[in-house]
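Data block below; observations after.
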There are 2 protein chains.
Amino acid sequence: MLKKKITLKHIARELEVSISTVSKALKNSEEISRETKEKIQAFAKLYNYKPNNIAISLKNKRTKNIGVVIPDIVHHFFTTVMRGIEKYANTKGYNVIVCLSDESFDKEVINMEMLANGSIDGFIMSLSAETEKKADYNHLREVTGQGIPLVLFDRVTNEVDCDKVVIDDQLAGYLATKKLIDEGRKKIALLTTEDYFSVSRNRNEGYRKALLDNGLEVDKNYVLQLPYMDIDEKAVSNFFDQVKPDAVLSVNEIFGIHAMRVLQNRGNKIPQDISIIGFTDGLLAKYANPSLTSIAQHGQQMGEIAAEMLIQKIESEKEDETYQTKILEPTLIERDSTIN
Amino acid sequence: MLKKKITLKHIARELEVSISTVSKALKNSEEISRETKEKIQAFAKLYNYKPNNIAISLKNKRTKNIGVVIPDIVHHFFTTVMRGIEKYANTKGYNVIVCLSDESFDKEVINMEMLANGSIDGFIMSLSAETEKKADYNHLREVTGQGIPLVLFDRVTNEVDCDKVVIDDQLAGYLATKKLIDEGRKKIALLTTEDYFSVSRNRNEGYRKALLDNGLEVDKNYVLQLPYMDIDEKAVSNFFDQVKPDAVLSVNEIFGIHAMRVLQNRGNKIPQDISIIGFTDGLLAKYANPSLTSIAQHGQQMGEIAAEMLIQKIESEKEDETYQTKILEPTLIERDSTIN
DNA sequence: ACAACATGCGAAAACGATTTCGTGTTAATA
DNA sequence: TATTAACACGAAATCGTTTTCGCATGTTGT
């Protein structure tokens with residue numbers, strides 16, 4: 001019952017013509033006579049001939065694949081970006097190869113090297129935590145140096161020349177903080193990650209700026225740095241033993257949810273006593289109780305734009321040595337953890 | 001500054017040897033003299049030679065890519081499966097191409113046809129809603145008929161001969177229901193999807209069975225069918241106007257969370273008045289308030305097993321016409337929406 | 001009737017690698 | 001000295017396409 005794939009050679013042999021003739025006939029070339037074309041096309045349809053992608057890739061030096069390297073996939077923001085990438089890529093006939101760096105520098109390097117040997121036409125990626133920490137970007141330069149287009153999103157670096165898509169994280173931090181200030185909050189705590197994340201740094205900066213612009217002082221005691229991905233309930237608890245903010249800004253969703261839980265357990269009413277704003281507008285924020293006011297990062301749109309920039313670079317013949325950075329506007333989604 | 005990829009031909013020309021010699025030298029063939037090998041290897045290292053994956057794929061008729069076709073990626077369960085697949089695949093040197101069917105039959109078909117033309121060595125997939133509804137599996141048979149290995153997970157069908165990985169959904173439904181019964185609950189409501197989802201059917205069946213086994217009657221009025229992906233707050237609300245259960249079993253996470261919200265808003269205490277159990281142990285369940293007792297589906301493990309089964313089929317030389325279905329044991333994660 | 005041209009098709013190179021087989025040189029053996 | 005074996009390497013086929021070029025035919029024009 002095994003119907004193995006048929007090739008041009010098979011058709012040629014069967015119909016007693018040359019491979020070239022078959023190839024041309026299937027492309028409806030003017031060079032081939034009407035009847036020969038009809039005969040060949042009928043035969044091809046009958047046996048469900050489909051050209052072999054690999055052979056075409058080798059010939060064209062184009063795979064129609066794009067490589068996506070992200071730190072994690074079980075993460076709402078990255079999955080929305082993935083969806084955006086896949087969606088756009090699909091409309092352009094590209095397939096998406098995903099590799100997970102798992103926040104590891106080495107895996108990131110290995111995955112990129114693997115894919116760079118002809119498997120893909122371009123990369124879309126977001127830096128792993130370790131890479132941001134080490135600030136070692138030679139593997140990216142390696143790839144761009146070979147003429148492979150690269151688009152960075154979200155976790156980017158300006159030490160590599162390539163296209164980028166980000167949201168304006170500083171503005172986002174600013175907006176969120178401003179919202180809290182406008183509510184009348186005076187003592188706004190910041191829950192953030194360690195410093196080497198570019199996005200956190202920018203969000204923190206927006207927070208600082210908003211405070212200063214509005215005559216509030218920046219008190220280091222009101223800033224809690226937590227290790228990424230390692231939500232330490234105790235640290236959060238200790239923090240709220242020591243400071244009594246009337247609002248909390250969290251640079252991600254999960255810290256915000258945690259803070260809310262801790263504060264609620266201590267008898268604080270959200271948002272009456274304390275307002276909370278988080279980042280990454282995911283399911284948690286939407287379904288928390290109360291629902292969490294958040295900064296939306298527009299992941300899907302970011303993915304679509306990244307894919308669009310990449311595919312355009314891939315398909316533009318000329319070696320375009322100019323790179324652009326698209327900056328998306330963050331949006332504040334007001335819910336029930338702040339006062340309207 | 002463009003360092004284009006170097007090929008065997010380049011090395012051969014440069015060192016004035018034949019391509020065959022270069023190829024053999026780089027594989028450390030005994031056939032080539034020590035000094036020639038050293039010269040070639042040194043040169044290759046210097047210019048960072050890496051073989052072209054596409055060329056090797058064409059030659060070997062092996063791409064070392066596996067195609068994953070899933071309905072959605074912004075969905076906790078599927079992302080955990082993806083992670084499992086990627087993890088295992090990576091250890092075996094395979095890359096993962098993801099395609100999203102978006103719950104659409106047509107997209108599923110198109111994506112599979114695309115990939116089946118040489119781009120991948122095998123498929124891992126979960127059926128789209130539309131495919132389950134239409135019960136049309138010819139595209140799957142098409143693929144298996146060409147000798148391409150296929151592993152179905154979670155949303156499977158027994159109308160296609162291939163390997164499968166599922167959790168025992170009926171047992172899961174049974175376990176969850178039993179837990180509620182053991183708590184002393186008598187009127188257990190079931191929130192489920194439309195009938196064509198194989199997983200929902202099985203879970204419902206487990207629910208029925210548990211009730212009957214324990215001398216409780218199955219009352220259709222206590223079963224609410226909601227359209228998938230379209231959480232109709234009003235329907236849920238109406239439902240609880242009409243029946244007053246003392247426990248709720250939901251076949252997914254989101255319906256469970258919704259039910260909890262609706263019930264809480266009506267002044268019901270969870271779990272004192274009403275216990276709730278959901279499926280798909282995701283973030284929502286973990287961070288809900290109270291946290292939601294759930295059936296864990298072990299997505300990552302499912303992905304790893306699927307990948308393992310697939311790669312084994314791919315790499316086993318002999319055409320193995322026997323297929324197996326691995327059934328994972330569901331686990332009840334007890335949290336605060338039920339009574340311990 | 002002969003050049004000029006159009007028509008329809010095939011041979012062969014190319015993409016980048018692997019692998020089988022053959023061959024020329026040297027060294028060892030009878 | 002003649003035969004053989006070991007050694008080191010190259011030619012060529014192959015994977016499945018695409019594409020350029022060349023070559024027979026047959027047709028047209030003068």
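Scheme for the structure tokens: letters A, B, ... for chains in order shown; per-chain residue numbers from 1; ligand numbers from 1 in order shown.
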Closest atom pairs, chain C residues within 9 Å of chain B, only C-alpha atoms (C1' of nucleotides), as JSON lines:
```
{"residue": "C:DC15", "atom": "C1'", "partner": "B:Ala55", "partner_atom": "CA", "distance": 8.1}
{"residue": "C:DG16", "atom": "C1'", "partner": "B:Ala55", "partner_atom": "CA", "distance": 5.0}
{"residue": "C:DA17", "atom": "C1'", "partner": "B:Ala55", "partner_atom": "CA", "distance": 5.5}
{"residue": "C:DT18", "atom": "C1'", "partner": "B:Lys59", "partner_atom": "CA", "distance": 7.2}
{"residue": "C:DT19", "atom": "C1'", "partner": "B:Ser20", "partner_atom": "CA", "distance": 8.8}
```
For this session: Could you list, as a list in words, the residues of chain D having an atom within 12 Å of chain A when counting only C-alpha atoms (C1' of nucleotides)?
Result: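 The complete set of qualifying residues is DC15, DG16, DT17, DT18, DT19 and DT20 of chain D.
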Based on the selection just made, write N, CA and C atoms (P, O5', C5', C4', C3', O3' and C1' of nucleotides) of those residues as a JSON list (two decimals), in the first residue's frame.
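This went into out.json:
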```json
[["chain", "number", "residue", "atom", "x", "y", "z"],
["D", 15, "DC", "P", 19.47, 8.29, -7.63],
["D", 15, "DC", "O5'", 18.94, 9.32, -6.54],
["D", 15, "DC", "C5'", 19.20, 9.14, -5.15],
["D", 15, "DC", "C4'", 19.02, 10.47, -4.46],
["D", 15, "DC", "C3'", 18.00, 11.37, -5.16],
["D", 15, "DC", "O3'", 16.73, 11.18, -4.57],
["D", 15, "DC", "C1'", 19.98, 12.58, -4.51],
["D", 16, "DG", "P", 15.46, 10.99, -5.53],
["D", 16, "DG", "O5'", 15.14, 12.47, -6.01],
["D", 16, "DG", "C5'", 14.59, 13.37, -5.07],
["D", 16, "DG", "C4'", 14.43, 14.73, -5.71],
["D", 16, "DG", "C3'", 13.59, 14.72, -6.99],
["D", 16, "DG", "O3'", 12.68, 15.80, -6.89],
["D", 16, "DG", "C1'", 15.67, 15.76, -7.40],
["D", 17, "DT", "P", 11.52, 16.01, -7.96],
["D", 17, "DT", "O5'", 11.67, 17.54, -8.32],
["D", 17, "DT", "C5'", 12.74, 17.91, -9.09],
["D", 17, "DT", "C4'", 13.19, 19.30, -8.78],
["D", 17, "DT", "C3'", 12.91, 20.22, -9.94],
["D", 17, "DT", "O3'", 12.19, 21.36, -9.53],
["D", 17, "DT", "C1'", 15.27, 19.99, -9.54],
["D", 18, "DT", "P", 11.60, 22.32, -10.68],
["D", 18, "DT", "O5'", 12.89, 23.11, -11.20],
["D", 18, "DT", "C5'", 13.54, 24.01, -10.33],
["D", 18, "DT", "C4'", 14.68, 24.68, -11.05],
["D", 18, "DT", "C3'", 14.27, 25.43, -12.33],
["D", 18, "DT", "O3'", 14.91, 26.69, -12.28],
["D", 18, "DT", "C1'", 16.01, 23.92, -12.83],
["D", 19, "DT", "P", 14.45, 27.87, -13.24],
["D", 19, "DT", "O5'", 15.60, 27.89, -14.34],
["D", 19, "DT", "C5'", 16.96, 27.85, -13.92],
["D", 19, "DT", "C4'", 17.85, 27.65, -15.12],
["D", 19, "DT", "C3'", 17.32, 28.27, -16.42],
["D", 19, "DT", "O3'", 18.39, 28.90, -17.08],
["D", 19, "DT", "C1'", 17.85, 26.02, -16.78],
["D", 20, "DT", "P", 18.14, 30.09, -18.10],
["D", 20, "DT", "O5'", 19.51, 30.10, -18.93],
["D", 20, "DT", "C5'", 20.70, 29.63, -18.31],
["D", 20, "DT", "C4'", 21.48, 28.76, -19.28],
["D", 20, "DT", "C3'", 21.46, 29.26, -20.73],
["D", 20, "DT", "O3'", 22.80, 29.28, -21.21],
["D", 20, "DT", "C1'", 20.87, 26.98, -20.64]]
```
Exercise. Taking only C-alpha atoms into account, what are the residues of chain A at most 8 Å from chain B, put as an MDAnalysis selection string?
Worked result: chainID A and resid 1:5 50:55 57:58 73:74 76 79:80 82:83 86 95:100 117:119 145:147 257 283:284 287:289
Problem set entry | Those of range 180-330 of chain A in DSSP strand (DSSP E or B), formatted as a PyMOL selection string | chain A and resi 188-193+223-226+247-250+275-279+293-296+325-328
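With CA of Arg203 in chain B on one side and CA of Leu171 in chain B on the other, the separation reads 7.5 Å.
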Exercise. Could you state the separation of CA of Ile277 in chain A and CA of Gln297 in chain A in Å, given to one decimal place?
Worked result: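 Computed distance, CA of Ile277 in chain A to CA of Gln297 in chain A, equals 13.5 Å.
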Problem set entry | Near-DA3 in chain C list (12 Å; only C-alpha atoms (C1' of nucleotides); drop same-chain fewer than 5 positions) as an MDAnalysis selection string | chainID D and resid 28:30
Exercise. As a PyMOL selection string, which residues of range 180-256 of chain A does DSSP assign to helix (DSSP H, G or I)?
Worked result: chain A and resi 180-182+198-213+220-222+233-242+253-256
Grab the residues selected above and save them as a tab-separated table (two decimals), in the first residue's frame with C-alpha atoms.
```tsv
chain	number	residue	atom	x	y	z
A	180	LEU	CA	-0.57	55.13	39.65
A	181	ILE	CA	0.55	58.65	40.43
A	182	ASP	CA	-2.58	60.05	38.82
A	198	SER	CA	17.39	45.07	28.91
A	199	VAL	CA	13.63	45.20	29.13
A	200	SER	CA	13.63	45.42	32.92
A	201	ARG	CA	16.25	48.13	32.86
A	202	ASN	CA	14.14	50.19	30.53
A	203	ARG	CA	10.97	49.67	32.49
A	204	ASN	CA	12.77	50.62	35.68
A	205	GLU	CA	14.04	53.72	34.00
A	206	GLY	CA	10.52	54.71	33.00
A	207	TYR	CA	9.41	54.20	36.57
A	208	ARG	CA	12.21	56.43	37.87
A	209	LYS	CA	11.51	59.08	35.32
A	210	ALA	CA	7.81	59.19	36.07
A	211	LEU	CA	8.47	59.55	39.76
A	212	LEU	CA	10.98	62.33	39.26
A	213	ASP	CA	8.82	64.14	36.71
A	220	LYS	CA	15.70	52.21	46.69
A	221	ASN	CA	13.96	50.49	49.53
A	222	TYR	CA	10.82	50.45	47.46
A	233	GLU	CA	7.31	33.95	48.04
A	234	LYS	CA	9.34	34.69	51.14
A	235	ALA	CA	11.33	37.50	49.59
A	236	VAL	CA	8.11	39.15	48.51
A	237	SER	CA	6.71	38.72	51.98
A	238	ASN	CA	9.80	40.15	53.65
A	239	PHE	CA	9.70	43.06	51.30
A	240	PHE	CA	6.20	43.99	52.35
A	241	ASP	CA	7.22	43.66	55.98
A	242	GLN	CA	9.67	46.43	55.47
A	253	GLU	CA	2.87	39.34	35.21
A	254	ILE	CA	3.86	36.69	37.65
A	255	PHE	CA	5.51	38.95	40.21
A	256	GLY	CA	2.41	41.11	40.10
```
